[in-house]
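Asks: Shown below is the structure under consideration.
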Amino acid sequence: AIANIGVVGLAAMGSNLARNLARHGNTVALYNRHYDRTEKLMSEHGNDGKFIPSKTIQEFVASLAKPRTAIIMVKAGAATDAVIEELADAMEPGDIIVDGGNSYFMDTIRREKDIRARGLHYVGCGVSGGEEGALNGPSLMPGGTEESWKTLGPILKSIAAVAEGEPCVTHIGENGAGHFVKMVHNGIEYSDMQLIAESYDLMRRGLGMSPVEIGDMFEEWNKTELNSYLIEITSEVLHQVDKKTGKPLVDVIVDQAGMKGTGTWTVQTALSLGVPVTGIAEAVFSRGLSGQEAQRAEADKVGLAGPDTAMNLSAEERKAFIEDIRHALYASKIVAYAQGFDEINAGAKEYGWKIDQAAVARIWRGGCIIRAQFLNVVSDAFESGQADVSLLLAPYFKEAIEQAEESWRRVVAQASLKGLPVPAFASSLSYYDGLRSKRLPAALIQGQRDLFGAHTYGRVDAPGAFHTLWAEPGRPEIEA
Ligand code: NDP
């Protein structure tokens, strides 16, 4: 038998992806470094469709129809490099190697260049939706050449999630574009999660609500423009009771958020591109602070000064403040997406990709962790060209923020007065205010830079670079 697609690496992600492929009529070649994983997949799920298991990579490659197409789903980093090498050695020009792992996009750019020089296609493909998505329909973000997309497109479309009748996959752009967009997706995911966590904290410590009450609130919010997978699962987490203690599960979970690095990459990349992704950065830093175990313990022991976090509101005021939080969450979320898309735009410019922002928003509507109804309006805004400069300037979002603005300010102000940390809310609001400021204090910074380093500055009334002969200590002032 001949397979039209193969999967290398049959741990959680690879085996689920292979099953998804088989269930959609593909004949799937299988290979894993240790054969027991392959055997396990065959014995437990061999009936999902047509599989061709192999014990060696050579056998695996021989079982593929030309152009041979293989998706690698192994540990990111050195393991991926090793498997690429093995595959490239066994394959022939015209064949396609797909990396479906969470690879760093610069690695993908490097690998694509190497593999292309050997006459093969290399496609870095972002896969979002976790294990469940891999099995039942992920959001897929492939990069690579147009030519490889011709072969790969129909296969990926057969397994992707479907949103409003459309498969959640599009050819993002050449070489590392797919992994770049997947990276930013993860960054946005970080900020979505942080904003939800801040909302929870305000209701918990500020308003004294129980996890179940807050879970009910998120369930309500899920019927509004906030409707999304992350809001939905937040409600589920908050309703969960710990079997061992009978307490809300959230109260027995250690309050240190883990991370695997894609959020950090998003921020590092944004820094080098000069794009202010403040919402995403605060989300990454907040996880960082949560993990500073020793400092936090010591601060708790010493007892750093601050007000009591309880807001002591009347029932009516409480209701109003909950609405304020909902508005603040929506406004901050819009900012985080605007910033994420700014980063995609800047990346596209820097690396020469043509990325269709509207198409990116569309493929995030299903399958992935940040899937949300709101992405429909995001994609419309890009489609119509109204978000060309910034998502925040598209009329729909401009108006949405106008409606949320006062609430947003009240939330940040109250949180600050009550000593409740809201880094993502606050930084998003500051970004918004920075963006709408006709004049920023950056003029002063330019003055400082010119004084201490003769870095020069531009003038509002004339083109060119100017330098002032600043007075030196002990010398008389000199006219500019
Ligand atoms: P792991 O990241 O745990 O990797 C395990 C797989 O890698 C096994 O098949 C293992 O083979 C193989 N492997 C490890 N080292 C080597 C090596 N040197 N040579 C050959 N094969 C090797 O598996 P996951 O399924 O969790 O993830 C796979 C990829 O998908 C990763 O890049 C991950 O970042 C990405 N991803 C994961 C998501 C998730 O939710 N888990 C979501 C989206 C992407 P063996 O059995 O022989 O040890």
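Following the order of the structure tokens, first chain is A, next is B, and so on, with residues numbered from 1 inside each chain and ligands from 1 in the order they appear.
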At a cut-off of 10 Å around ligand 1, and using only C-alpha atoms and all ligand atoms, what residues come up? Please write them as an MDAnalysis selection string.
Replies: chainID A and resid 7:17 31:38 72:84 86 99:104 125:134 138 182 186 260:262 368:369
Asks: Asn345 of chain A: which residues within 12 Å, counting only C-alpha atoms, same-chain residues fewer than 3 positions away excluded, as number ranges by chain?
Replies: A: 177, 180-181, 184, 270, 273-275, 338-342, 348-358, 360, 382, 387-391
Asks: I need the residues of segment 83-232 of chain A that end up classed as strand (DSSP E or B) by DSSP on the backbone, written out as a ChimeraX atom specification.
Replies: /A:96-99,121-128,139-142,162-163,166-167,169,228
Asks: Pick the closest to Asp201 of chain A from A:Pro423, A:Gly434, A:Gly46, A:Gly173: which is it, counting only C-alpha atoms?
Replies: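 Answer, going by the shortest atom-to-atom distance: A:Pro423.
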Asks: Residues near Met91 of chain A, anyone? I mean within 12 Å using only C-alpha atoms, not counting same-chain ones fewer than 6 positions away, as a list in words.
Replies: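 Close residues of Met91 of chain A: Ile57, Gln58, Glu59, Phe60, Val61, Ala62, Ser63, Leu64, Ala65, Lys66, Pro67, Arg68, Thr69, Ala70, Ile84, Glu85, Ile97, Ile115, Arg118, Gly119, Leu120, His121 and Tyr122 of chain A.
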Asks: Please identify all polymer residues within 6 Å of segment 277-280 of chain A, counting only C-alpha atoms, omitting same-chain residues fewer than 6 positions from it, and present them as an MDAnalysis selection string.
Replies: chainID A and resid 187 191 336 339 424 428
Asks: Can you write out the residues you just picked, keeping all heavy atoms, as a PDB file, in the first residue's frame?
Replies:
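Full text of part.pdb as output:
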ATOM      1  N   GLY A 187       1.208  34.054  22.130  1.00  0.00           N
ATOM      2  CA  GLY A 187       1.354  35.280  22.920  1.00  0.00           C
ATOM      3  C   GLY A 187      -0.011  35.870  23.249  1.00  0.00           C
ATOM      4  O   GLY A 187      -0.284  36.258  24.392  1.00  0.00           O
ATOM      5  N   SER A 191      -2.094  36.561  26.892  1.00  0.00           N
ATOM      6  CA  SER A 191      -2.730  37.787  27.384  1.00  0.00           C
ATOM      7  C   SER A 191      -4.213  37.554  27.643  1.00  0.00           C
ATOM      8  O   SER A 191      -4.743  38.046  28.637  1.00  0.00           O
ATOM      9  CB  SER A 191      -2.481  38.968  26.440  1.00  0.00           C
ATOM     10  OG  SER A 191      -3.240  38.839  25.289  1.00  0.00           O
ATOM     11  N   ALA A 336      -4.866  43.765  23.115  1.00  0.00           N
ATOM     12  CA  ALA A 336      -3.907  42.672  22.974  1.00  0.00           C
ATOM     13  C   ALA A 336      -3.908  42.118  21.546  1.00  0.00           C
ATOM     14  O   ALA A 336      -2.847  41.822  20.979  1.00  0.00           O
ATOM     15  CB  ALA A 336      -4.225  41.555  23.964  1.00  0.00           C
ATOM     16  N   GLN A 339      -2.244  44.591  19.216  1.00  0.00           N
ATOM     17  CA  GLN A 339      -0.787  44.525  19.354  1.00  0.00           C
ATOM     18  C   GLN A 339      -0.236  43.262  18.686  1.00  0.00           C
ATOM     19  O   GLN A 339       0.804  43.286  18.031  1.00  0.00           O
ATOM     20  CB  GLN A 339      -0.407  44.557  20.837  1.00  0.00           C
ATOM     21  CG  GLN A 339      -0.752  45.887  21.510  1.00  0.00           C
ATOM     22  CD  GLN A 339      -0.436  45.906  22.995  1.00  0.00           C
ATOM     23  OE1 GLN A 339      -0.297  44.856  23.619  1.00  0.00           O
ATOM     24  NE2 GLN A 339      -0.338  47.093  23.560  1.00  0.00           N
ATOM     25  N   ALA A 424      -2.114  43.624  33.188  1.00  0.00           N
ATOM     26  CA  ALA A 424      -2.537  43.592  31.781  1.00  0.00           C
ATOM     27  C   ALA A 424      -3.626  44.629  31.505  1.00  0.00           C
ATOM     28  O   ALA A 424      -3.600  45.310  30.481  1.00  0.00           O
ATOM     29  CB  ALA A 424      -3.005  42.190  31.392  1.00  0.00           C
ATOM     30  N   SER A 428      -2.662  47.828  29.102  1.00  0.00           N
ATOM     31  CA  SER A 428      -3.450  47.986  27.873  1.00  0.00           C
ATOM     32  C   SER A 428      -4.076  49.372  27.826  1.00  0.00           C
ATOM     33  O   SER A 428      -4.116  50.014  26.775  1.00  0.00           O
ATOM     34  CB  SER A 428      -4.561  46.935  27.791  1.00  0.00           C
ATOM     35  OG  SER A 428      -4.032  45.663  27.972  1.00  0.00           O
TER      36      SER A 428
END
Asks: To one decimal place in Å, what is the distance between atom CA of Met106 of chain A and atom CA of His179 of chain A?
Replies: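 These atoms are spaced 8.8 Å apart.
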Asks: Would you work out the distance separating atom CA of Ala331 of chain A from atom CA of Met193 of chain A, expressed in Å to one decimal?
Replies: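 Value for the atom CA of Ala331 of chain A-atom CA of Met193 of chain A distance: 14.3 Å.
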Asks: So how far away is atom CA of Trp149 of chain A from atom CA of Gly124 of chain A, in Å?
Replies: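 Separation of atom CA of Gly124 of chain A and atom CA of Trp149 of chain A: 11.4 Å.
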Asks: Write out as a ChimeraX atom specification each polymer residue whose atoms come within 10 Å of Leu207 of chain A, counting only C-alpha atoms; drop sequence neighbours fewer than 4 positions from it.
Replies: /A:200-203,309-314,318-319,321-322
Asks: Return the single residue from A:Leu393, A:Ala404, A:Leu304, A:Ala359 that is closest to Arg326 of chain A, with distances computed using only C-alpha atoms.
Replies: A:Ala404
Asks: Of the candidates A:Ser416, A:Asn227, A:Gln295, A:Thr245, which one gets nearest to Asp308 of chain A if we count only C-alpha atoms?
Replies: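 So, comparing all the options, the nearest one is A:Ser416.
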Asks: Need to verify the contact set: Leu289 of chain A, 12 Å, only C-alpha atoms, exclusion of same-chain residues closer than 4 positions in sequence. Can you return it as a ChimeraX atom specification?
Replies: /A:255-258,282-285,293-297,421,423
